[in-house]
$ cat data.cif   # mmCIF, C-alpha atoms and all ligand atoms
data_structure
loop_
_atom_site.group_PDB
_atom_site.id
_atom_site.type_symbol
_atom_site.label_atom_id
_atom_site.label_comp_id
_atom_site.auth_asym_id
_atom_site.auth_seq_id
_atom_site.Cartn_x
_atom_site.Cartn_y
_atom_site.Cartn_z
ATOM 1 C CA MET M 1 89.715 111.022 90.946
ATOM 2 C CA ARG M 2 88.839 109.945 94.487
ATOM 3 C CA ILE M 3 91.742 108.570 96.513
ATOM 4 C CA VAL M 4 90.988 106.439 99.561
ATOM 5 C CA VAL M 5 93.891 105.363 101.755
ATOM 6 C CA ALA M 6 93.177 102.176 103.685
ATOM 7 C CA ARG M 7 95.055 101.057 106.785
ATOM 8 C CA ASP M 8 96.237 97.821 105.240
ATOM 9 C CA TYR M 9 95.466 95.174 102.627
ATOM 10 C CA GLU M 10 92.530 93.757 104.586
ATOM 11 C CA GLN M 11 90.810 97.115 104.914
ATOM 12 C CA MET M 12 91.486 97.948 101.256
ATOM 13 C CA SER M 13 89.864 94.652 100.276
ATOM 14 C CA ARG M 14 86.781 95.240 102.450
ATOM 15 C CA MET M 15 86.338 98.778 101.132
ATOM 16 C CA ALA M 16 86.652 97.536 97.560
ATOM 17 C CA ALA M 17 84.087 94.801 98.241
ATOM 18 C CA ILE M 18 81.698 97.414 99.630
ATOM 19 C CA VAL M 19 82.062 99.482 96.433
ATOM 20 C CA VAL M 20 81.420 96.457 94.200
ATOM 21 C CA SER M 21 78.501 95.286 96.388
ATOM 22 C CA SER M 22 76.882 98.707 96.229
ATOM 23 C CA ARG M 23 76.985 98.548 92.451
ATOM 24 C CA VAL M 24 75.454 95.044 92.414
ATOM 25 C CA ILE M 25 72.744 96.073 94.913
ATOM 26 C CA LEU M 26 71.877 99.317 93.115
ATOM 27 C CA GLN M 27 72.102 97.830 89.631
ATOM 28 C CA PRO M 28 71.439 94.063 89.785
ATOM 29 C CA ASN M 29 72.054 93.666 86.036
ATOM 30 C CA CYS M 30 75.351 95.575 86.066
ATOM 31 C CA VAL M 31 78.398 94.679 83.999
ATOM 32 C CA LEU M 32 81.568 94.297 86.042
ATOM 33 C CA GLY M 33 85.108 94.374 84.646
ATOM 34 C CA LEU M 34 87.281 92.016 86.687
ATOM 35 C CA ALA M 35 91.009 91.783 87.383
ATOM 36 C CA THR M 36 93.192 88.904 88.536
ATOM 37 C CA GLY M 37 96.576 88.784 90.312
ATOM 38 C CA SER M 38 97.247 88.992 94.054
ATOM 39 C CA THR M 39 95.599 92.340 94.693
ATOM 40 C CA PRO M 40 91.874 91.479 94.220
ATOM 41 C CA VAL M 41 92.026 88.123 96.057
ATOM 42 C CA GLY M 42 90.842 89.774 99.296
ATOM 43 C CA LEU M 43 88.120 91.683 97.443
ATOM 44 C CA TYR M 44 86.752 88.422 96.000
ATOM 45 C CA ARG M 45 86.995 86.728 99.416
ATOM 46 C CA ASN M 46 84.833 89.498 100.907
ATOM 47 C CA LEU M 47 82.320 89.328 98.055
ATOM 48 C CA VAL M 48 81.961 85.572 98.599
ATOM 49 C CA GLU M 49 81.376 86.264 102.289
ATOM 50 C CA PHE M 50 78.680 88.874 101.571
ATOM 51 C CA TYR M 51 77.053 86.413 99.169
ATOM 52 C CA ARG M 52 77.079 83.626 101.779
ATOM 53 C CA HIS M 53 75.384 85.976 104.218
ATOM 54 C CA GLY M 54 72.627 86.400 101.654
ATOM 55 C CA ASP M 55 73.414 90.063 101.019
ATOM 56 C CA LEU M 56 74.298 89.797 97.335
ATOM 57 C CA ASP M 57 72.659 88.291 94.269
ATOM 58 C CA PHE M 58 74.879 87.927 91.186
ATOM 59 C CA SER M 59 72.310 86.105 89.045
ATOM 60 C CA ARG M 60 71.837 89.045 86.650
ATOM 61 C CA VAL M 61 75.408 90.354 86.757
ATOM 62 C CA THR M 62 77.646 90.077 83.684
ATOM 63 C CA THR M 63 81.445 90.033 83.982
ATOM 64 C CA PHE M 64 84.353 90.635 81.649
ATOM 65 C CA ASN M 65 87.901 89.898 82.732
ATOM 66 C CA LEU M 66 90.733 92.155 81.711
ATOM 67 C CA ASP M 67 93.085 89.569 80.326
ATOM 68 C CA GLU M 68 94.324 86.023 79.813
ATOM 69 C CA TYR M 69 97.711 84.530 78.941
ATOM 70 C CA VAL M 70 98.172 83.435 75.336
ATOM 71 C CA GLY M 71 98.580 79.664 75.063
ATOM 72 C CA LEU M 72 96.879 78.718 78.335
ATOM 73 C CA GLY M 73 93.572 76.852 78.102
ATOM 74 C CA PRO M 74 90.814 77.454 80.671
ATOM 75 C CA ASN M 75 91.891 74.464 82.782
ATOM 76 C CA HIS M 76 95.567 75.347 83.003
ATOM 77 C CA PRO M 77 96.353 75.863 86.711
ATOM 78 C CA CYS M 78 97.909 79.283 86.010
ATOM 79 C CA SER M 79 95.180 80.492 83.667
ATOM 80 C CA TYR M 80 92.997 83.390 84.705
ATOM 81 C CA HIS M 81 89.966 81.228 83.893
ATOM 82 C CA ARG M 82 91.050 78.906 86.677
ATOM 83 C CA TYR M 83 91.897 81.810 89.010
ATOM 84 C CA MET M 84 88.417 83.279 88.575
ATOM 85 C CA ARG M 85 86.699 79.951 89.224
ATOM 86 C CA GLU M 86 88.751 79.380 92.359
ATOM 87 C CA ASN M 87 88.462 82.893 93.756
ATOM 88 C CA LEU M 88 84.931 83.886 92.757
ATOM 89 C CA PHE M 89 82.899 82.083 90.120
ATOM 90 C CA ASP M 90 82.597 78.728 91.919
ATOM 91 C CA HIS M 91 81.415 80.393 95.132
ATOM 92 C CA VAL M 92 78.666 82.795 94.051
ATOM 93 C CA ASN M 93 75.586 82.576 91.804
ATOM 94 C CA LEU M 94 77.099 84.225 88.746
ATOM 95 C CA ARG M 95 75.697 82.523 85.631
ATOM 96 C CA PRO M 96 78.542 80.879 83.648
ATOM 97 C CA GLU M 97 77.190 82.195 80.345
ATOM 98 C CA ARG M 98 77.455 85.743 81.673
ATOM 99 C CA CYS M 99 81.132 85.408 82.706
ATOM 100 C CA HIS M 100 83.571 86.361 79.974
ATOM 101 C CA ILE M 101 87.331 85.887 79.853
ATOM 102 C CA PRO M 102 89.370 86.099 76.637
ATOM 103 C CA ARG M 103 90.413 82.686 75.301
ATOM 104 C CA GLY M 104 94.202 82.600 75.350
ATOM 105 C CA ASP M 105 94.078 79.273 73.511
ATOM 106 C CA ALA M 106 91.975 80.595 70.605
ATOM 107 C CA GLU M 107 93.312 79.558 67.215
ATOM 108 C CA ASP M 108 92.566 82.969 65.770
ATOM 109 C CA LEU M 109 93.810 85.350 68.447
ATOM 110 C CA GLU M 110 93.052 88.520 66.482
ATOM 111 C CA GLY M 111 89.509 87.256 65.882
ATOM 112 C CA GLU M 112 89.178 86.493 69.581
ATOM 113 C CA CYS M 113 90.115 90.103 70.428
ATOM 114 C CA LEU M 114 87.480 91.475 68.050
ATOM 115 C CA ARG M 115 84.880 89.033 69.366
ATOM 116 C CA TYR M 116 85.630 90.090 72.945
ATOM 117 C CA GLU M 117 85.240 93.790 72.174
ATOM 118 C CA GLU M 118 81.963 93.029 70.431
ATOM 119 C CA GLU M 119 80.688 91.056 73.463
ATOM 120 C CA ILE M 120 81.440 94.018 75.724
ATOM 121 C CA ARG M 121 79.612 96.322 73.342
ATOM 122 C CA ARG M 122 76.618 93.979 73.144
ATOM 123 C CA ALA M 123 76.443 93.832 76.951
ATOM 124 C CA GLY M 124 76.090 97.626 76.953
ATOM 125 C CA GLY M 125 79.617 98.437 78.147
ATOM 126 C CA ILE M 126 81.216 98.052 81.553
ATOM 127 C CA ASP M 127 79.579 99.744 84.553
ATOM 128 C CA LEU M 128 82.422 99.216 87.021
ATOM 129 C CA GLN M 129 85.925 98.186 86.011
ATOM 130 C CA ILE M 130 88.209 96.817 88.734
ATOM 131 C CA LEU M 131 91.924 97.287 88.123
ATOM 132 C CA GLY M 132 95.137 96.198 89.814
ATOM 133 C CA LEU M 133 98.373 98.045 89.121
ATOM 134 C CA GLY M 134 101.685 96.678 87.857
ATOM 135 C CA VAL M 135 104.946 97.862 89.448
ATOM 136 C CA ASP M 136 105.709 99.455 86.070
ATOM 137 C CA GLY M 137 102.318 101.213 86.055
ATOM 138 C CA HIS M 138 100.564 98.755 83.750
ATOM 139 C CA ILE M 139 96.800 98.247 83.890
ATOM 140 C CA GLY M 140 95.419 95.097 82.334
ATOM 141 C CA PHE M 141 98.523 93.958 80.489
ATOM 142 C CA ASN M 142 99.005 97.353 78.887
ATOM 143 C CA GLU M 143 102.709 97.799 79.426
ATOM 144 C CA PRO M 144 104.714 101.061 79.272
ATOM 145 C CA ASP M 145 104.654 102.795 75.882
ATOM 146 C CA VAL M 146 101.260 101.351 75.078
ATOM 147 C CA LYS M 147 99.094 103.173 72.569
ATOM 148 C CA PHE M 148 96.222 104.742 74.510
ATOM 149 C CA GLU M 149 93.806 104.236 71.608
ATOM 150 C CA ARG M 150 94.257 100.460 71.615
ATOM 151 C CA ARG M 151 91.283 98.174 72.211
ATOM 152 C CA THR M 152 91.473 94.471 73.188
ATOM 153 C CA SER M 153 94.557 93.010 71.543
ATOM 154 C CA VAL M 154 97.441 90.588 71.819
ATOM 155 C CA VAL M 155 100.193 92.207 73.856
ATOM 156 C CA LYS M 156 103.769 91.340 74.766
ATOM 157 C CA LEU M 157 104.501 91.193 78.479
ATOM 158 C CA ALA M 158 107.324 93.352 79.842
ATOM 159 C CA GLU M 159 110.289 91.539 81.378
ATOM 160 C CA SER M 160 109.418 93.016 84.809
ATOM 161 C CA THR M 161 105.875 91.603 84.534
ATOM 162 C CA ILE M 162 107.223 88.169 83.577
ATOM 163 C CA GLN M 163 109.512 88.271 86.622
ATOM 164 C CA ALA M 164 106.726 89.526 88.932
ATOM 165 C CA ASN M 165 104.226 86.896 87.725
ATOM 166 C CA SER M 166 106.727 84.032 87.788
ATOM 167 C CA ARG M 167 105.698 83.475 91.420
ATOM 168 C CA PHE M 168 102.538 81.816 90.117
ATOM 169 C CA PHE M 169 104.481 79.522 87.730
ATOM 170 C CA ASP M 170 107.397 77.078 88.091
ATOM 171 C CA GLY M 171 109.854 79.857 87.229
ATOM 172 C CA PRO M 172 110.103 82.782 84.793
ATOM 173 C CA ASP M 173 110.645 80.644 81.683
ATOM 174 C CA GLN M 174 107.195 79.074 82.231
ATOM 175 C CA VAL M 175 105.421 82.456 82.080
ATOM 176 C CA PRO M 176 103.781 83.039 78.687
ATOM 177 C CA ARG M 177 105.342 85.967 76.809
ATOM 178 C CA HIS M 178 102.043 87.233 75.422
ATOM 179 C CA ALA M 179 98.534 87.856 76.654
ATOM 180 C CA ILE M 180 95.196 89.027 75.335
ATOM 181 C CA SER M 181 94.326 92.206 77.182
ATOM 182 C CA MET M 182 91.583 94.772 77.089
ATOM 183 C CA GLY M 183 93.188 97.912 75.703
ATOM 184 C CA ILE M 184 93.443 101.293 77.384
ATOM 185 C CA ARG M 185 90.592 102.490 75.219
ATOM 186 C CA THR M 186 88.394 99.576 76.344
ATOM 187 C CA ILE M 187 89.219 100.332 79.986
ATOM 188 C CA MET M 188 88.601 104.067 79.576
ATOM 189 C CA MET M 189 85.150 103.369 78.089
ATOM 190 C CA ALA M 190 84.006 101.861 81.434
ATOM 191 C CA ARG M 191 81.557 104.137 83.228
ATOM 192 C CA ARG M 192 83.334 103.761 86.585
ATOM 193 C CA ILE M 193 86.805 102.545 87.435
ATOM 194 C CA MET M 194 88.191 101.346 90.754
ATOM 195 C CA LEU M 195 91.951 100.814 90.966
ATOM 196 C CA LEU M 196 93.437 98.878 93.874
ATOM 197 C CA ALA M 197 97.069 98.805 94.962
ATOM 198 C CA SER M 198 98.776 97.417 98.013
ATOM 199 C CA GLY M 199 102.367 97.264 99.236
ATOM 200 C CA PRO M 200 105.451 99.495 99.000
ATOM 201 C CA GLU M 201 106.506 98.099 95.609
ATOM 202 C CA LYS M 202 103.437 99.810 94.085
ATOM 203 C CA ALA M 203 104.137 103.256 95.599
ATOM 204 C CA ARG M 204 105.975 104.668 92.581
ATOM 205 C CA ALA M 205 103.293 103.497 90.148
ATOM 206 C CA VAL M 206 100.564 104.927 92.409
ATOM 207 C CA ARG M 207 102.286 108.312 92.424
ATOM 208 C CA GLY M 208 102.549 108.227 88.629
ATOM 209 C CA ALA M 209 98.905 107.217 88.332
ATOM 210 C CA VAL M 210 97.524 110.021 90.488
ATOM 211 C CA MET M 211 99.915 112.958 90.186
ATOM 212 C CA GLY M 212 102.407 112.294 87.412
ATOM 213 C CA GLU M 213 102.324 113.489 83.842
ATOM 214 C CA VAL M 214 99.787 111.600 81.706
ATOM 215 C CA THR M 215 102.102 109.471 79.621
ATOM 216 C CA PRO M 216 102.105 106.073 77.889
ATOM 217 C CA SER M 217 105.328 105.328 79.772
ATOM 218 C CA LEU M 218 103.172 104.935 82.895
ATOM 219 C CA PRO M 219 99.914 103.541 81.478
ATOM 220 C CA ALA M 220 97.833 104.041 84.671
ATOM 221 C CA SER M 221 98.422 107.808 84.426
ATOM 222 C CA VAL M 222 95.738 107.839 81.710
ATOM 223 C CA LEU M 223 93.173 107.319 84.488
ATOM 224 C CA GLN M 224 93.561 111.009 85.362
ATOM 225 C CA LEU M 225 91.563 111.693 82.194
ATOM 226 C CA HIS M 226 88.622 109.484 83.227
ATOM 227 C CA PRO M 227 85.638 111.224 84.868
ATOM 228 C CA ASN M 228 84.857 108.574 87.500
ATOM 229 C CA VAL M 229 87.869 106.864 89.074
ATOM 230 C CA THR M 230 88.232 105.692 92.659
ATOM 231 C CA ILE M 231 91.644 104.591 93.832
ATOM 232 C CA ILE M 232 91.807 102.504 96.998
ATOM 233 C CA VAL M 233 95.352 101.961 98.218
ATOM 234 C CA ASP M 234 96.878 100.837 101.473
ATOM 235 C CA ARG M 235 99.293 103.073 103.393
ATOM 236 C CA ASP M 236 102.392 101.421 101.928
ATOM 237 C CA ALA M 237 101.222 101.960 98.361
ATOM 238 C CA ALA M 238 100.227 105.554 99.245
ATOM 239 C CA SER M 239 103.596 106.417 100.793
ATOM 240 C CA LEU M 240 104.733 108.647 97.903
ATOM 241 C CA ILE M 241 101.524 110.641 97.482
ATOM 242 C CA GLY M 242 101.680 112.393 100.851
HETATM 243 C C1 LIG M 301 95.432 91.232 86.159
HETATM 244 C C2 LIG M 301 96.012 92.393 85.500
HETATM 245 C C3 LIG M 301 97.273 93.030 85.968
HETATM 246 C C4 LIG M 301 97.459 93.016 87.485
HETATM 247 C C5 LIG M 301 98.793 93.657 87.863
HETATM 248 C C6 LIG M 301 99.037 93.629 89.352
HETATM 249 O O1 LIG M 301 94.224 90.851 85.528
HETATM 250 O O2 LIG M 301 95.463 92.824 84.545
HETATM 251 O O3 LIG M 301 97.290 94.365 85.524
HETATM 252 O O4 LIG M 301 96.398 93.713 88.081
HETATM 253 O O5 LIG M 301 99.830 92.976 87.218
HETATM 254 O O6 LIG M 301 99.165 92.295 89.765
HETATM 255 P P1 LIG M 301 99.215 91.918 91.306
HETATM 256 O O7 LIG M 301 97.884 92.240 91.872
HETATM 257 O O8 LIG M 301 99.484 90.430 91.320
HETATM 258 O O9 LIG M 301 100.316 92.716 91.921
#
$ encode --input "data.cif" --output "structure tokens"
Amino acid sequence: MRIVVARDYEQMSRMAAIVVSSRVILQPNCVLGLATGSTPVGLYRNLVEFYRHGDLDFSRVTTFNLDEYVGLGPNHPCSYHRYMRENLFDHVNLRPERCHIPRGDAEDLEGECLRYEEEIRRAGGIDLQILGLGVDGHIGFNEPDVKFERRTSVVKLAESTIQANSRFFDGPDQVPRHAISMGIRTIMMARRIMLLASGPEKARAVRGAVMGEVTPSLPASVLQLHPNVTIIVDRDAASLIG
């Protein structure tokens, strides 16, 4: 596990964009695993900038997002489909048919989970998975006490996640209670993983992820068992790891 401590959010975002760009430059047909939430917004902003400078070509890149809320269609303003269009997809030359996000409005949610896993397999697996980190240590929407062997499935959001994500909605009661999320097993199958965390509220989860016991009660701790993980955190998020 490589741990990189950035000065602040802006530097963390630039460093993360450099890591993703290197992958796209070295492997133009790579498969990227993408995250949403506040943390990767700066990363995507930098990638768009690199693209506008003519330094990046996404035309052969395939993407798979970690998760989507159950019940939200792709045009819902709080859906992760919409987030990805606004933050990345609409601004670079990714091909729409190569961008995958689970359908939270699928009629057959279990079937959608199986289909998603199969798409990842058919694409040859994920070359670089980007992760954010929940205050409770979740990755994707794999909440504490998750089963590590789980693949993409319908999951129940923890109360703390509902509260944390209510800032994107008109209040906590508007936040969907369930999501489709890649499972820990899906995430651990990625060939490389880059986890980003910023801000003091993530410090405890960062400590658990890098130096705590490997335990389902802090899902990100499983990353200690992966052979190729880079963690880029700002100083506030790194405050408890010395
Ligand atoms: C998002 C995701 C979540 C977030 C996590 C942190 O696709 O899977 O695990 O990465 O909840 O969210 P932020 O970055 O908003 O603090």
$ residues_around --input "data.cif" --residues "Asp90 (chain M)" --least-positions-apart "5" --cutoff "12 Å" --atoms "only C-alpha atoms" --output "number ranges by chain"
M: 44-45, 48, 51, 81-85, 95-96, 99
$ residues_around --input "data.cif" --residues "region 55-62 of chain M" --least-positions-apart "3" --cutoff "8 Å" --atoms "all atoms listed in the file" --output "list in words"
Ser21, Val24, Ile25, Pro28, Asn29, Cys30, Val31, Leu32, Phe50, Tyr51, Arg52, Val92, Asn93, Leu94, Arg95, Arg98, Cys99, His100 and Ala123 of chain M
$ write_last_selection --input "data.cif" --atoms "C-alpha atoms" --output "PDB file, in the coordinates of the input"
ATOM      1  CA  SER M  21      78.501  95.286  96.388  1.00  0.00           C
ATOM      2  CA  VAL M  24      75.454  95.044  92.414  1.00  0.00           C
ATOM      3  CA  ILE M  25      72.744  96.073  94.913  1.00  0.00           C
ATOM      4  CA  PRO M  28      71.439  94.063  89.785  1.00  0.00           C
ATOM      5  CA  ASN M  29      72.054  93.666  86.036  1.00  0.00           C
ATOM      6  CA  CYS M  30      75.351  95.575  86.066  1.00  0.00           C
ATOM      7  CA  VAL M  31      78.398  94.679  83.999  1.00  0.00           C
ATOM      8  CA  LEU M  32      81.568  94.297  86.042  1.00  0.00           C
ATOM      9  CA  PHE M  50      78.680  88.874 101.571  1.00  0.00           C
ATOM     10  CA  TYR M  51      77.053  86.413  99.169  1.00  0.00           C
ATOM     11  CA  ARG M  52      77.079  83.626 101.779  1.00  0.00           C
ATOM     12  CA  VAL M  92      78.666  82.795  94.051  1.00  0.00           C
ATOM     13  CA  ASN M  93      75.586  82.576  91.804  1.00  0.00           C
ATOM     14  CA  LEU M  94      77.099  84.225  88.746  1.00  0.00           C
ATOM     15  CA  ARG M  95      75.697  82.523  85.631  1.00  0.00           C
ATOM     16  CA  ARG M  98      77.455  85.743  81.673  1.00  0.00           C
ATOM     17  CA  CYS M  99      81.132  85.408  82.706  1.00  0.00           C
ATOM     18  CA  HIS M 100      83.571  86.361  79.974  1.00  0.00           C
ATOM     19  CA  ALA M 123      76.443  93.832  76.951  1.00  0.00           C
TER      20      ALA M 123
END
$ closest_residue --input "data.cif" --among "M:Val135, M:Leu66, M:Ala164, M:Ala179" --to "Asp105 (chain M)" --atoms "all atoms listed in the file"
M:Ala179
$ residues_near_ligand --input "data.cif" --ligand "ligand LIG 301 (chain M)" --cutoff "7 Å" --atoms "only C-alpha atoms and all ligand atoms" --output "short mmCIF file (atom, residue, chain, number, x, y, z; two decimals) with C-alpha atoms, in the coordinates of the input"
data_model
loop_
_atom_site.label_atom_id
_atom_site.label_comp_id
_atom_site.auth_asym_id
_atom_site.auth_seq_id
_atom_site.Cartn_x
_atom_site.Cartn_y
_atom_site.Cartn_z
CA ALA M 35 91.01 91.78 87.38
CA THR M 36 93.19 88.90 88.54
CA GLY M 37 96.58 88.78 90.31
CA SER M 38 97.25 88.99 94.05
CA THR M 39 95.60 92.34 94.69
CA PRO M 40 91.87 91.48 94.22
CA ASN M 65 87.90 89.90 82.73
CA LEU M 66 90.73 92.16 81.71
CA ASP M 67 93.08 89.57 80.33
CA LEU M 131 91.92 97.29 88.12
CA GLY M 132 95.14 96.20 89.81
CA LEU M 133 98.37 98.04 89.12
CA GLY M 134 101.68 96.68 87.86
CA HIS M 138 100.56 98.76 83.75
CA ILE M 139 96.80 98.25 83.89
CA GLY M 140 95.42 95.10 82.33
CA PHE M 141 98.52 93.96 80.49
CA THR M 161 105.88 91.60 84.53
CA ASN M 165 104.23 86.90 87.72
#
$ resolve_selection --input "data.cif" --expression "the PyMOL selection byres (((chain M and resi 12-14) around 7) and not hetatm)" --output "VMD selection string"
chain M and resid 6 8 to 11 15 to 18 42 to 43 46 232 to 234
$ residues_around --input "data.cif" --residues "Ser166 (chain M)" --least-positions-apart "3" --cutoff "12 Å" --atoms "all atoms listed in the file" --output "PyMOL selection string"
chain M and resi 37+78+157+159-163+169-177
$ residues_near_point --input "data.cif" --point "(98.1, 101.7, 71.5)" --cutoff "9 Å" --atoms "only C-alpha atoms" --output "VMD selection string"
chain M and resid 142 145 to 151 183 to 185 216
$ resolve_selection --input "data.cif" --expression "the PyMOL selection byres (((chain M and resi 3) around 9) and not hetatm)" --output "list in words"
Met1, Arg2, Val4, Val5, Val210, Val229, Thr230, Ile231, Ile232 and Val233 of chain M
$ write_last_selection --input "data.cif" --atoms "C-alpha atoms" --output "compact mmCIF listing (two decimals), in the coordinates of the input"
# COMPACT_ATOMS: atom_id res chain seq x y z
CA MET M 1 89.72 111.02 90.95
CA ARG M 2 88.84 109.94 94.49
CA VAL M 4 90.99 106.44 99.56
CA VAL M 5 93.89 105.36 101.76
CA VAL M 210 97.52 110.02 90.49
CA VAL M 229 87.87 106.86 89.07
CA THR M 230 88.23 105.69 92.66
CA ILE M 231 91.64 104.59 93.83
CA ILE M 232 91.81 102.50 97.00
CA VAL M 233 95.35 101.96 98.22
$ closest_residue --input "data.cif" --among "M:Glu49, M:Glu86, M:Glu110, M:Glu213" --to "Val154 (chain M)" --atoms "all atoms listed in the file"
M:Glu110
$ residues_around --input "data.cif" --residues "Arg192 (chain M)" --least-positions-apart "3" --cutoff "7 Å" --atoms "all atoms listed in the file" --output "VMD selection string"
chain M and resid 127 to 129 228 to 229
$ closest_residue --input "data.cif" --among "M:Glu201, M:Ala190, M:Val70, M:Gly54" --to "Lys156 (chain M)" --atoms "only C-alpha atoms"
M:Val70
$ closest_residue --input "data.cif" --among "M:Ala106, M:Pro74, M:Thr63, M:Arg207" --to "Gly124 (chain M)" --atoms "all atoms listed in the file"
M:Thr63
$ closest_residue --input "data.cif" --among "M:Ile130, M:Val222, M:Ala205, M:Ile180" --to "Arg103 (chain M)" --atoms "all atoms listed in the file"
M:Ile180
$ atom_distance --input "data.cif" --atom1 "CA of Glu112 (chain M)" --atom2 "CA of Leu195 (chain M)"
25.9 Å
